[in-house]
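A.B. asks: The file below is final-v7.cif, mmCIF, C-alpha atoms:
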data_run
loop_
_atom_site.label_atom_id
_atom_site.label_comp_id
_atom_site.auth_asym_id
_atom_site.auth_seq_id
_atom_site.Cartn_x
_atom_site.Cartn_y
_atom_site.Cartn_z
CA MET W 1161 -65.84 37.96 87.62
CA ARG W 1162 -62.93 40.26 88.44
CA LYS W 1163 -61.82 37.96 91.24
CA ASP W 1164 -61.85 34.92 88.94
CA LYS W 1165 -59.83 36.80 86.32
CA SER W 1166 -57.29 37.81 88.97
CA LYS W 1167 -56.89 34.21 90.07
CA LYS W 1168 -56.42 33.14 86.46
CA ASN W 1169 -53.70 35.76 85.96
CA ILE W 1170 -51.92 34.61 89.13
CA SER W 1171 -52.14 31.00 87.95
CA SER W 1172 -50.61 31.89 84.59
CA PHE W 1173 -47.92 34.26 85.84
CA ARG W 1174 -46.53 31.76 88.34
CA TRP W 1175 -45.00 29.87 85.41
CA VAL W 1176 -43.26 33.04 84.24
CA VAL W 1177 -41.76 33.53 87.71
CA LEU W 1178 -40.69 29.90 87.94
CA SER W 1179 -39.14 30.00 84.45
CA CYS W 1180 -37.12 33.11 85.31
CA PHE W 1181 -35.85 31.41 88.45
CA MET W 1182 -34.94 28.25 86.54
CA PHE W 1183 -32.86 30.34 84.13
CA VAL W 1184 -30.88 31.91 87.00
CA ALA W 1185 -30.50 28.52 88.73
CA LEU W 1186 -29.14 27.15 85.45
CA LEU W 1187 -26.56 29.93 85.29
CA SER W 1188 -25.43 29.23 88.85
CA GLN W 1189 -24.60 25.60 88.12
CA LEU W 1190 -23.08 26.47 84.75
CA SER W 1191 -20.65 28.85 86.47
CA TRP W 1192 -19.92 26.38 89.24
CA LEU W 1193 -18.94 23.44 87.00
CA THR W 1194 -17.46 25.36 84.08
CA PHE W 1195 -13.96 24.00 84.57
CA ALA W 1196 -14.67 20.52 85.97
CA PRO W 1197 -15.15 18.77 82.59
CA ILE W 1198 -11.95 20.26 81.14
CA THR W 1199 -9.74 19.80 84.20
CA SER W 1200 -6.81 18.30 82.30
CA GLU W 1201 -6.82 21.20 79.82
CA VAL W 1202 -7.03 23.88 82.53
CA VAL W 1203 -4.04 22.23 84.24
CA LYS W 1204 -1.99 22.79 81.07
CA LEU W 1205 -3.24 26.31 80.27
CA PHE W 1206 -2.84 27.78 83.76
CA ASN W 1207 0.12 25.59 84.76
CA VAL W 1208 -1.54 24.37 87.97
CA SER W 1209 -2.27 21.01 89.62
CA PRO W 1210 -5.56 19.04 89.29
CA PHE W 1211 -6.33 19.91 92.93
CA GLU W 1212 -5.97 23.64 92.19
CA VAL W 1213 -8.46 23.21 89.35
CA SER W 1214 -10.82 21.43 91.75
CA LEU W 1215 -10.60 24.53 93.99
CA LEU W 1216 -12.46 26.44 91.26
CA SER W 1217 -15.45 24.23 92.08
CA LEU W 1218 -14.65 23.64 95.75
CA VAL W 1219 -14.79 27.36 96.53
CA TRP W 1220 -18.56 27.32 95.87
CA PRO W 1221 -19.49 25.06 98.79
CA LEU W 1222 -16.87 26.78 100.96
CA VAL W 1223 -18.54 30.16 100.42
CA PHE W 1224 -21.97 28.60 100.88
CA VAL W 1225 -21.01 27.18 104.29
CA ILE W 1226 -20.20 30.69 105.49
CA LEU W 1227 -23.26 32.45 104.04
CA ALA W 1228 -26.06 29.84 104.07
CA ILE W 1229 -27.74 30.62 107.39
CA PRO W 1230 -27.58 34.46 107.31
CA VAL W 1231 -28.73 34.45 103.67
CA GLY W 1232 -31.58 32.08 104.57
CA ILE W 1233 -32.79 34.60 107.17
CA PHE W 1234 -32.40 37.38 104.59
CA ILE W 1235 -34.55 35.43 102.09
CA ASP W 1236 -37.41 34.99 104.55
CA LYS W 1237 -37.30 38.69 105.50
CA LYS W 1238 -36.84 40.24 102.06
CA GLY W 1239 -38.41 37.62 99.78
CA PHE W 1240 -37.09 35.67 96.82
CA LYS W 1241 -37.32 38.53 94.28
CA ILE W 1242 -34.58 40.60 95.93
CA SER W 1243 -32.56 37.54 96.98
CA VAL W 1244 -32.42 35.82 93.60
CA GLY W 1245 -31.91 39.21 91.94
CA ILE W 1246 -28.76 39.74 94.03
CA GLY W 1247 -27.55 36.27 93.09
CA ALA W 1248 -28.20 36.87 89.39
CA MET W 1249 -26.27 40.16 89.36
CA LEU W 1250 -23.30 38.57 91.12
CA LEU W 1251 -23.24 35.81 88.52
CA ALA W 1252 -23.31 38.29 85.64
CA ILE W 1253 -20.59 40.53 87.09
CA PHE W 1254 -18.13 37.77 87.94
CA SER W 1255 -18.81 35.85 84.73
CA ILE W 1256 -17.43 38.92 82.96
CA PHE W 1257 -14.45 39.07 85.34
CA ARG W 1258 -13.56 35.45 84.49
CA ILE W 1259 -12.78 36.47 80.92
CA PHE W 1260 -9.84 38.58 82.11
CA SER W 1261 -8.18 35.52 83.67
CA THR W 1262 -7.22 34.54 80.09
CA ILE W 1263 -6.39 38.01 78.74
CA PRO W 1264 -3.60 38.95 78.07
CA ASN W 1265 -2.08 35.95 79.89
CA TYR W 1266 -3.50 33.01 81.81
CA ASN W 1267 -3.86 34.08 85.44
CA TYR W 1268 -5.13 31.46 87.89
CA PHE W 1269 -5.43 33.98 90.76
CA ILE W 1270 -7.90 36.17 88.82
CA LEU W 1271 -9.88 33.06 87.86
CA LEU W 1272 -10.07 31.87 91.46
CA ILE W 1273 -11.17 35.32 92.69
CA SER W 1274 -13.85 35.44 89.97
CA GLN W 1275 -15.14 31.99 90.93
CA THR W 1276 -15.23 33.03 94.58
CA GLY W 1277 -17.24 36.16 93.76
CA ALA W 1278 -19.69 34.18 91.64
CA ALA W 1279 -20.00 31.60 94.44
CA ILE W 1280 -21.54 34.25 96.72
CA SER W 1281 -24.62 34.07 94.48
CA GLN W 1282 -25.35 30.43 95.25
CA PRO W 1283 -26.98 30.68 98.73
CA PHE W 1284 -29.26 33.48 97.48
CA ILE W 1285 -30.49 31.20 94.70
CA PHE W 1286 -30.57 27.77 96.38
CA GLY W 1287 -32.35 29.04 99.49
CA SER W 1288 -35.18 30.45 97.37
CA ILE W 1289 -36.35 27.22 95.69
CA THR W 1290 -38.95 26.19 98.27
CA LYS W 1291 -39.77 29.86 98.91
CA ILE W 1292 -41.00 30.31 95.35
CA ALA W 1293 -42.97 27.05 95.48
CA ILE W 1294 -44.75 28.08 98.69
CA ASN W 1295 -45.16 31.67 97.49
CA TRP W 1296 -46.77 31.06 94.09
CA PHE W 1297 -48.14 27.50 94.01
CA SER W 1298 -51.02 25.71 95.68
CA GLU W 1299 -50.33 22.99 98.20
CA LYS W 1300 -51.07 20.17 95.74
CA ASP W 1301 -48.64 21.58 93.13
CA GLN W 1302 -45.73 22.47 95.40
CA GLY W 1303 -43.96 19.14 94.83
CA LEU W 1304 -44.05 19.71 91.08
CA ALA W 1305 -42.96 23.35 91.46
CA THR W 1306 -40.01 22.40 93.65
CA GLY W 1307 -39.08 19.70 91.16
CA LEU W 1308 -39.19 22.14 88.27
CA GLY W 1309 -37.18 24.66 90.28
CA THR W 1310 -34.41 22.13 90.84
CA ILE W 1311 -34.49 21.23 87.15
CA GLY W 1312 -32.87 24.61 86.50
CA LEU W 1313 -29.95 23.42 88.62
CA PHE W 1314 -29.76 20.16 86.71
CA ILE W 1315 -29.87 21.81 83.28
CA GLY W 1316 -27.00 24.06 84.33
CA MET W 1317 -24.97 21.02 85.37
CA MET W 1318 -25.78 19.30 82.07
CA LEU W 1319 -24.68 22.30 80.02
CA ALA W 1320 -21.47 22.64 82.01
CA LEU W 1321 -20.60 18.98 81.55
CA ALA W 1322 -21.74 18.55 77.94
CA ALA W 1323 -21.36 21.99 76.35
CA THR W 1324 -18.10 23.12 77.98
CA PRO W 1325 -15.87 20.50 76.27
CA PHE W 1326 -17.51 21.26 72.92
CA LEU W 1327 -17.20 25.05 73.27
CA TYR W 1328 -13.62 24.77 74.52
CA LEU W 1329 -12.52 22.50 71.68
CA SER W 1330 -14.38 24.63 69.09
CA PHE W 1331 -13.66 28.21 70.20
CA GLY W 1332 -11.00 28.16 72.92
CA ILE W 1333 -11.34 29.03 76.58
CA THR W 1334 -11.56 32.84 76.17
CA ASN W 1335 -14.46 32.74 73.70
CA MET W 1336 -16.15 30.07 75.79
CA LEU W 1337 -16.07 32.38 78.83
CA ILE W 1338 -17.39 35.28 76.72
CA ILE W 1339 -20.36 33.14 75.64
CA TYR W 1340 -21.10 32.15 79.24
CA ALA W 1341 -20.84 35.78 80.41
CA PHE W 1342 -23.29 36.90 77.71
CA ILE W 1343 -25.81 34.23 78.72
CA SER W 1344 -25.45 35.25 82.39
CA CYS W 1345 -26.25 38.88 81.56
CA ILE W 1346 -29.37 37.82 79.63
CA GLY W 1347 -30.57 35.65 82.52
CA THR W 1348 -30.08 38.48 85.00
CA PHE W 1349 -32.04 40.88 82.80
CA PHE W 1350 -34.98 38.47 82.48
CA PHE W 1351 -35.24 37.77 86.19
CA ILE W 1352 -34.98 41.39 87.34
CA PHE W 1353 -37.59 42.65 84.88
CA PHE W 1354 -40.07 39.75 84.84
CA ALA W 1355 -40.01 37.97 88.22
CA LYS W 1356 -42.38 39.24 90.91
CA GLU W 1357 -43.15 38.54 94.54
CA ARG W 1358 -46.67 37.46 95.49
CA LYS W 1359 -47.57 39.98 98.21
CA VAL W 1360 -50.20 37.88 99.98
CA GLN W 1361 -47.65 35.19 100.86
CA THR W 1362 -44.99 37.78 101.72
CA ILE W 1363 -47.25 39.21 104.45
CA ILE W 1364 -47.61 35.75 105.98
CA ASP W 1365 -43.88 35.16 105.84
CA THR W 1366 -42.88 38.44 107.43
CA THR W 1367 -45.14 37.85 110.45
CA SER W 1368 -42.97 34.91 111.42
CA THR W 1369 -40.08 35.70 113.76
CA PHE W 1370 -37.30 33.19 113.45
CA THR W 1371 -33.87 33.50 115.03
CA LEU W 1372 -30.65 31.50 115.08
CA LYS W 1373 -31.98 29.88 118.23
CA ASN W 1374 -34.92 28.58 116.20
CA LEU W 1375 -32.48 27.12 113.67
CA TRP W 1376 -30.89 25.16 116.50
CA GLU W 1377 -34.32 24.00 117.69
CA LEU W 1378 -35.12 22.86 114.14
CA SER W 1379 -31.88 20.90 113.94
CA LYS W 1380 -32.79 19.05 117.14
CA LEU W 1381 -35.87 17.49 115.49
CA LYS W 1382 -35.16 13.82 114.76
CA GLY W 1383 -36.58 13.95 111.26
CA PHE W 1384 -34.70 17.10 110.37
CA ILE W 1385 -31.40 15.71 111.69
CA ILE W 1386 -31.78 12.76 109.31
CA ILE W 1387 -32.54 15.08 106.39
CA GLU W 1388 -29.48 17.16 107.28
CA PHE W 1389 -27.35 14.02 107.11
CA GLU W 1390 -28.98 13.10 103.79
CA PHE W 1391 -27.93 16.44 102.32
CA PHE W 1392 -24.44 16.14 103.82
CA VAL W 1393 -23.62 12.77 102.24
CA VAL W 1394 -25.92 12.50 99.20
CA VAL W 1395 -25.71 16.01 97.77
CA GLY W 1396 -22.10 16.27 98.95
CA GLY W 1397 -21.23 12.95 97.31
CA PHE W 1398 -23.00 13.88 94.09
CA THR W 1399 -21.11 17.19 94.00
CA ALA W 1400 -17.81 15.37 94.50
CA ILE W 1401 -18.60 12.98 91.64
CA MET W 1402 -19.52 15.85 89.31
CA THR W 1403 -16.37 17.78 90.25
CA TRP W 1404 -14.02 14.85 89.66
CA LEU W 1405 -16.03 13.14 86.90
CA GLU W 1406 -13.58 13.70 84.06
CA GLN W 1407 -10.61 12.59 86.17
CA ILE W 1408 -12.47 9.53 87.54
CA LEU W 1409 -13.67 8.28 84.15
CA SER W 1410 -10.34 8.98 82.49
CA SER W 1411 -8.35 7.18 85.19
CA LEU W 1412 -10.63 4.16 85.63
CA HIS W 1413 -11.87 3.63 82.08
CA LYS W 1414 -9.76 5.80 79.72
CA ILE W 1415 -12.82 7.90 78.85
CA THR W 1416 -12.01 11.05 76.81
CA ILE W 1417 -13.06 14.62 77.69
CA ASP W 1418 -15.93 14.71 75.19
CA GLN W 1419 -17.15 11.23 76.21
CA ALA W 1420 -17.08 12.23 79.89
CA GLY W 1421 -19.14 15.29 78.99
CA ILE W 1422 -21.73 13.11 77.24
CA ILE W 1423 -21.91 10.70 80.18
CA GLY W 1424 -22.29 13.53 82.69
CA GLY W 1425 -24.88 15.21 80.49
CA LEU W 1426 -26.94 12.01 80.26
CA MET W 1427 -26.93 11.74 84.05
CA ILE W 1428 -28.36 15.24 84.30
CA ILE W 1429 -30.93 14.56 81.56
CA GLY W 1430 -32.03 11.51 83.54
CA GLY W 1431 -32.26 13.70 86.63
CA ILE W 1432 -34.37 16.28 84.80
CA ILE W 1433 -36.84 13.64 83.61
CA GLY W 1434 -36.91 12.01 87.03
CA SER W 1435 -37.50 15.34 88.77
CA ILE W 1436 -40.65 15.80 86.71
CA VAL W 1437 -41.99 12.25 86.74
CA ILE W 1438 -41.31 11.19 90.34
CA PRO W 1439 -42.73 14.32 92.09
CA ILE W 1440 -45.87 14.13 89.90
CA ILE W 1441 -46.45 10.51 90.93
CA SER W 1442 -45.64 11.41 94.53
CA ASP W 1443 -48.20 14.23 94.46
CA LYS W 1444 -50.88 11.93 93.02
CA VAL W 1445 -50.48 9.16 95.61
CA ASN W 1446 -49.82 11.69 98.40
CA LYS W 1447 -46.69 9.88 99.55
CA ILE W 1448 -43.10 11.16 99.79
CA LYS W 1449 -41.01 8.69 101.82
CA PRO W 1450 -41.39 5.55 99.59
CA PHE W 1451 -40.20 7.46 96.53
CA ILE W 1452 -37.18 8.92 98.33
CA LEU W 1453 -36.19 5.42 99.49
CA LEU W 1454 -36.57 4.07 95.94
CA ASP W 1455 -34.48 6.94 94.58
CA LEU W 1456 -31.69 6.38 97.10
CA ALA W 1457 -31.59 2.61 96.58
CA ILE W 1458 -31.36 2.64 92.78
CA GLY W 1459 -29.14 5.72 92.66
CA THR W 1460 -26.66 4.20 95.11
CA PHE W 1461 -26.48 0.92 93.18
CA ALA W 1462 -25.92 2.78 89.90
CA ILE W 1463 -23.01 4.77 91.35
CA PHE W 1464 -21.50 1.56 92.75
CA LEU W 1465 -21.39 0.09 89.23
CA ILE W 1466 -19.22 2.97 87.94
CA GLY W 1467 -16.04 1.40 89.26
CA SER W 1468 -16.49 -1.98 87.55
CA ILE W 1469 -17.84 -1.22 84.04
CA ASP W 1470 -15.57 -0.10 81.21
CA SER W 1471 -18.03 0.15 78.29
CA PHE W 1472 -18.83 3.75 77.28
CA ILE W 1473 -22.39 2.80 76.26
CA LEU W 1474 -23.08 0.92 79.50
CA LEU W 1475 -21.60 3.75 81.58
CA ALA W 1476 -23.80 6.27 79.76
CA PHE W 1477 -26.88 4.10 80.46
CA ILE W 1478 -25.98 3.61 84.13
CA PHE W 1479 -25.39 7.33 84.64
CA PHE W 1480 -28.75 8.10 83.01
CA ILE W 1481 -30.61 5.67 85.30
CA GLY W 1482 -28.65 6.84 88.33
CA GLY W 1483 -29.49 10.46 87.56
CA PHE W 1484 -33.18 9.67 87.00
CA PHE W 1485 -33.63 8.24 90.47
CA LEU W 1486 -30.92 9.90 92.54
CA MET W 1487 -31.55 13.50 91.48
CA SER W 1488 -35.34 13.20 91.64
CA ALA W 1489 -35.01 12.68 95.40
CA LEU W 1490 -33.86 16.29 95.85
CA PRO W 1491 -37.21 18.08 95.28
CA LEU W 1492 -38.99 15.49 97.42
CA VAL W 1493 -36.61 15.94 100.35
CA LEU W 1494 -36.84 19.73 100.01
CA GLU W 1495 -40.62 19.49 100.13
CA MET W 1496 -40.43 17.26 103.19
CA SER W 1497 -38.17 19.79 104.91
CA SER W 1498 -40.68 22.58 104.27
CA ARG W 1499 -43.40 20.47 105.92
CA LEU W 1500 -41.24 19.90 108.98
CA SER W 1501 -40.17 23.54 109.30
CA GLY W 1502 -43.60 25.12 108.93
CA LEU W 1503 -45.00 28.15 107.11
CA GLY W 1504 -42.79 31.24 107.00
CA MET W 1505 -39.57 29.33 107.65
CA GLU W 1506 -39.05 27.62 104.28
CA GLY W 1507 -36.14 29.79 103.17
CA ARG W 1508 -34.21 29.31 106.39
CA ALA W 1509 -34.93 25.58 106.55
CA SER W 1510 -33.80 24.96 102.97
CA SER W 1511 -30.74 27.17 103.49
CA LEU W 1512 -29.84 25.11 106.57
CA LEU W 1513 -30.05 21.94 104.47
CA TRP W 1514 -27.98 23.46 101.68
CA PHE W 1515 -25.49 24.46 104.36
CA PHE W 1516 -25.01 20.82 105.33
CA SER W 1517 -24.88 19.79 101.68
CA GLN W 1518 -22.05 22.23 101.06
CA VAL W 1519 -20.15 21.12 104.17
CA GLY W 1520 -20.46 17.59 102.78
CA SER W 1521 -19.34 18.82 99.37
CA VAL W 1522 -16.24 20.47 100.82
CA PHE W 1523 -15.35 17.32 102.75
CA LEU W 1524 -15.99 14.80 99.97
CA ILE W 1525 -14.49 16.87 97.13
CA ALA W 1526 -11.35 17.43 99.21
CA ILE W 1527 -11.00 13.79 100.25
CA VAL W 1528 -11.13 12.30 96.74
CA ASP W 1529 -7.56 13.24 95.82
CA PRO W 1530 -5.96 12.03 99.12
CA ILE W 1531 -7.78 8.68 98.80
CA TYR W 1532 -6.47 8.38 95.24
CA SER W 1533 -2.95 9.21 96.43
CA ILE W 1534 -3.07 6.55 99.18
CA TRP W 1535 -4.72 3.66 97.31
CA GLY W 1536 -3.90 4.61 93.72
CA SER W 1537 -7.46 4.40 92.38
CA TYR W 1538 -10.58 6.56 92.31
CA TYR W 1539 -12.61 3.39 92.87
CA TYR W 1540 -12.10 3.69 96.62
CA SER W 1541 -13.45 7.25 96.62
CA ILE W 1542 -16.59 5.95 94.90
CA LEU W 1543 -16.81 3.13 97.45
CA LEU W 1544 -16.70 5.61 100.35
CA ILE W 1545 -19.56 7.61 98.84
CA VAL W 1546 -21.62 4.44 98.29
CA ILE W 1547 -21.17 3.39 101.93
CA LEU W 1548 -22.27 6.82 103.16
CA TRP W 1549 -25.34 6.67 100.92
CA LEU W 1550 -26.27 3.24 102.28
CA ILE W 1551 -26.14 4.68 105.80
CA ALA W 1552 -28.36 7.55 104.65
CA PHE W 1553 -30.84 5.04 103.20
CA LEU W 1554 -31.07 3.12 106.48
CA LEU W 1555 -31.54 6.31 108.52
CA PHE W 1556 -34.24 7.60 106.20
CA PHE W 1557 -36.01 4.24 106.37
CA SER W 1558 -36.60 4.90 110.10
CA MET W 1559 -38.39 8.21 109.43
CA LYS W 1560 -42.15 8.59 109.54
CA GLU W 1561 -44.09 9.69 106.48
CA ILE W 1562 -44.68 13.46 106.45
CA SER W 1563 -48.21 14.70 105.76
CA ARG W 1564 -48.62 17.19 102.91
CA SER W 1565 -51.16 19.16 104.94
CA ILE W 1566 -49.66 22.42 106.19
CA LYS W 1567 -50.43 23.17 109.80
CA THR W 1568 -50.80 26.82 110.62
#
Please lay out the structure from this file as structure tokens.
C.D. replies:
Amino acid sequence: MRKDKSKKNISSFRWVVLSCFMFVALLSQLSWLTFAPITSEVVKLFNVSPFEVSLLSLVWPLVFVILAIPVGIFIDKKGFKISVGIGAMLLAIFSIFRIFSTIPNYNYFILLISQTGAAISQPFIFGSITKIAINWFSEKDQGLATGLGTIGLFIGMMLALAATPFLYLSFGITNMLIIYAFISCIGTFFFIFFAKERKVQTIIDTTSTFTLKNLWELSKLKGFIIIEFEFFVVVGGFTAIMTWLEQILSSLHKITIDQAGIIGGLMIIGGIIGSIVIPIISDKVNKIKPFILLDLAIGTFAIFLIGSIDSFILLAFIFFIGGFFLMSALPLVLEMSSRLSGLGMEGRASSLLWFFSQVGSVFLIAIVDPIYSIWGSYYYSILLIVILWLIAFLLFFSMKEISRSIKT
């Protein structure tokens, strides 16, 4: 009876751990995209160019590229509790520092330094998603757990895109940053005091020795190379769209700041729903590849339509559908990567993928403005991303289905 009760407690507490992680993941994305939906206003307040405002978001993938692999090794050695805890504290500290970029005067340098410090948190958080799923959840529920873990990222994006314009217009930028700093401190408190590591899985993980040489060996696997490319172009392209969303919609369709926030928020809401529904169906039919292909196909087509539709209502609908399918591919691909990498290497494998996603983000965020300068329209930046996604679809089509059975 005692053993059954213990299992029941573990089953219940896993949702507490996952909820705490989702809160911190939310805060990470909220900090990352804080200034993207109010780019034009930040340009005026801080007297900087649109590209300098984009650096406030671009610095996140830049920092991630540097730290992803060593942090991934750290996660597998120390566990997600310490790793995510470090990330949460960094978010809280630098969210407070951001306030002083507006007091007593607007200081872009302080803001950029604060964003850079907060960006250090991201690899500690992103690299722990699959680690928590493997650590606390049974094999049949790991797809759902990974999907729910990524939902925290999506909710943070949604709040940044939808809530930031509202808070800025209602309270001003200083009070908006104070609100975000307060929420970050609360999230840090909850994770540190309520999240726990499951010791049985930790013992398994720490028996695995995995070096940088093993990372290279992993990257030489055909399937993993394709997944790396997927993260480079798909996650990188999505990040570029989110970073430049307000500028793109304003330039192409005369969409206002608050309308752009609603459209971006609906895309994330679609992604949240899709990240619950699609992984559940995938778990039930025990298939991953067909759903990823479906997600990529519909998501790519939806993004392609952005450049040719002017109606606010139609754009909102297209972004919702695009988010539903495109963003639901993320937990499925992360789960597939954990199957390829093997037990005890989930943190390093996912960190390697996030590394490529951030390299792609740096490249695609940075190239949007030069393409606009050369051709005079953001449509061509969207077209480049669509072409890269079509290539990713074709490459993924050649992959074999990955079994959900873990080989030890």
A.B. asks: In Å, rounded to a single decimal, give me how far CA of Leu1494 (chain W) is from CA of Ala1293 (chain W).
C.D. replies: 10.6 Å
A.B. asks: Please identify all polymer residues within 7 Å of Phe1516 (chain W), counting all atoms listed in the file, omitting same-chain residues fewer than 3 positions from it, and present them as a compact mmCIF listing (two decimals) with C-alpha atoms, keeping the file's coordinate frame.
C.D. replies:
# COMPACT_ATOMS: atom_id res chain seq x y z
CA GLU W 1388 -29.48 17.16 107.28
CA PHE W 1391 -27.93 16.44 102.32
CA PHE W 1392 -24.44 16.14 103.82
CA LEU W 1512 -29.84 25.11 106.57
CA LEU W 1513 -30.05 21.94 104.47
CA VAL W 1519 -20.15 21.12 104.17
CA GLY W 1520 -20.46 17.59 102.78
A.B. asks: Care to translate the PyMOL selection byres ((chain W and resi 1177) around 9) into actual residues of this file, as an MDAnalysis selection string?
C.D. replies: chainID W and resid 1173:1176 1178:1182 1292 1296 1351 1354:1357
A.B. asks: Tell me which protein, DNA and RNA residues are within 8 Å of region 1268-1280 of chain W, counting all atoms listed in the file, leaving out same-chain ones fewer than 3 positions away, and put them as an MDAnalysis selection string.
C.D. replies: chainID W and resid 1191:1192 1206 1208 1215:1217 1219:1221 1223:1224 1227 1247 1250:1251 1253:1255 1257:1258 1260:1261 1283:1284
A.B. asks: Given only C-alpha atoms as the basis, pick out the residue of W:Val1225, W:Gly1467, W:Leu1405, W:Asn1265 nearest to Ser1200 (chain W).
C.D. replies: W:Leu1405
A.B. asks: So how many Å separate CA of Ser1471 (chain W) and CA of Ser1410 (chain W), to one decimal?
C.D. replies: 12.4 Å
A.B. asks: Mind completing region 1545-1564 of chain W with N, CA and C atoms? Output as a PDB file, keeping the file's coordinate frame, please?
C.D. replies:
ATOM      1  N   ILE W1545     -18.296   6.913  99.071  1.00  0.00           N
ATOM      2  CA  ILE W1545     -19.560   7.610  98.840  1.00  0.00           C
ATOM      3  C   ILE W1545     -20.733   6.636  98.878  1.00  0.00           C
ATOM      4  N   VAL W1546     -20.566   5.457  98.288  1.00  0.00           N
ATOM      5  CA  VAL W1546     -21.620   4.440  98.290  1.00  0.00           C
ATOM      6  C   VAL W1546     -21.953   4.010  99.712  1.00  0.00           C
ATOM      7  N   ILE W1547     -20.942   3.787 100.537  1.00  0.00           N
ATOM      8  CA  ILE W1547     -21.170   3.390 101.930  1.00  0.00           C
ATOM      9  C   ILE W1547     -21.940   4.461 102.696  1.00  0.00           C
ATOM     10  N   LEU W1548     -21.562   5.723 102.493  1.00  0.00           N
ATOM     11  CA  LEU W1548     -22.270   6.820 103.160  1.00  0.00           C
ATOM     12  C   LEU W1548     -23.717   6.900 102.707  1.00  0.00           C
ATOM     13  N   TRP W1549     -23.964   6.640 101.438  1.00  0.00           N
ATOM     14  CA  TRP W1549     -25.340   6.670 100.920  1.00  0.00           C
ATOM     15  C   TRP W1549     -26.172   5.515 101.474  1.00  0.00           C
ATOM     16  N   LEU W1550     -25.557   4.362 101.676  1.00  0.00           N
ATOM     17  CA  LEU W1550     -26.270   3.240 102.280  1.00  0.00           C
ATOM     18  C   LEU W1550     -26.680   3.567 103.717  1.00  0.00           C
ATOM     19  N   ILE W1551     -25.802   4.244 104.436  1.00  0.00           N
ATOM     20  CA  ILE W1551     -26.140   4.680 105.800  1.00  0.00           C
ATOM     21  C   ILE W1551     -27.303   5.662 105.765  1.00  0.00           C
ATOM     22  N   ALA W1552     -27.277   6.577 104.799  1.00  0.00           N
ATOM     23  CA  ALA W1552     -28.360   7.550 104.650  1.00  0.00           C
ATOM     24  C   ALA W1552     -29.682   6.847 104.364  1.00  0.00           C
ATOM     25  N   PHE W1553     -29.634   5.812 103.522  1.00  0.00           N
ATOM     26  CA  PHE W1553     -30.840   5.040 103.200  1.00  0.00           C
ATOM     27  C   PHE W1553     -31.433   4.411 104.457  1.00  0.00           C
ATOM     28  N   LEU W1554     -30.595   3.795 105.262  1.00  0.00           N
ATOM     29  CA  LEU W1554     -31.070   3.120 106.480  1.00  0.00           C
ATOM     30  C   LEU W1554     -31.655   4.128 107.472  1.00  0.00           C
ATOM     31  N   LEU W1555     -31.021   5.277 107.612  1.00  0.00           N
ATOM     32  CA  LEU W1555     -31.540   6.310 108.520  1.00  0.00           C
ATOM     33  C   LEU W1555     -32.886   6.833 108.033  1.00  0.00           C
ATOM     34  N   PHE W1556     -32.990   7.062 106.735  1.00  0.00           N
ATOM     35  CA  PHE W1556     -34.240   7.600 106.200  1.00  0.00           C
ATOM     36  C   PHE W1556     -35.367   6.570 106.315  1.00  0.00           C
ATOM     37  N   PHE W1557     -35.010   5.301 106.243  1.00  0.00           N
ATOM     38  CA  PHE W1557     -36.010   4.240 106.370  1.00  0.00           C
ATOM     39  C   PHE W1557     -36.724   4.310 107.713  1.00  0.00           C
ATOM     40  N   SER W1558     -36.026   4.818 108.745  1.00  0.00           N
ATOM     41  CA  SER W1558     -36.600   4.900 110.100  1.00  0.00           C
ATOM     42  C   SER W1558     -37.524   6.103 110.285  1.00  0.00           C
ATOM     43  N   MET W1559     -37.534   7.010 109.311  1.00  0.00           N
ATOM     44  CA  MET W1559     -38.390   8.210 109.430  1.00  0.00           C
ATOM     45  C   MET W1559     -39.853   7.890 109.190  1.00  0.00           C
ATOM     46  N   LYS W1560     -40.719   8.708 109.790  1.00  0.00           N
ATOM     47  CA  LYS W1560     -42.150   8.590 109.540  1.00  0.00           C
ATOM     48  C   LYS W1560     -42.522   9.386 108.301  1.00  0.00           C
ATOM     49  N   GLU W1561     -43.587   8.951 107.624  1.00  0.00           N
ATOM     50  CA  GLU W1561     -44.090   9.690 106.480  1.00  0.00           C
ATOM     51  C   GLU W1561     -44.569  11.064 106.931  1.00  0.00           C
ATOM     52  N   ILE W1562     -44.283  12.100 106.126  1.00  0.00           N
ATOM     53  CA  ILE W1562     -44.680  13.460 106.450  1.00  0.00           C
ATOM     54  C   ILE W1562     -45.944  13.818 105.673  1.00  0.00           C
ATOM     55  N   SER W1563     -46.959  14.313 106.411  1.00  0.00           N
ATOM     56  CA  SER W1563     -48.210  14.700 105.760  1.00  0.00           C
ATOM     57  C   SER W1563     -47.996  15.951 104.913  1.00  0.00           C
ATOM     58  N   ARG W1564     -48.717  16.020 103.771  1.00  0.00           N
ATOM     59  CA  ARG W1564     -48.620  17.190 102.910  1.00  0.00           C
ATOM     60  C   ARG W1564     -49.508  18.335 103.405  1.00  0.00           C
TER      61      ARG W1564
END
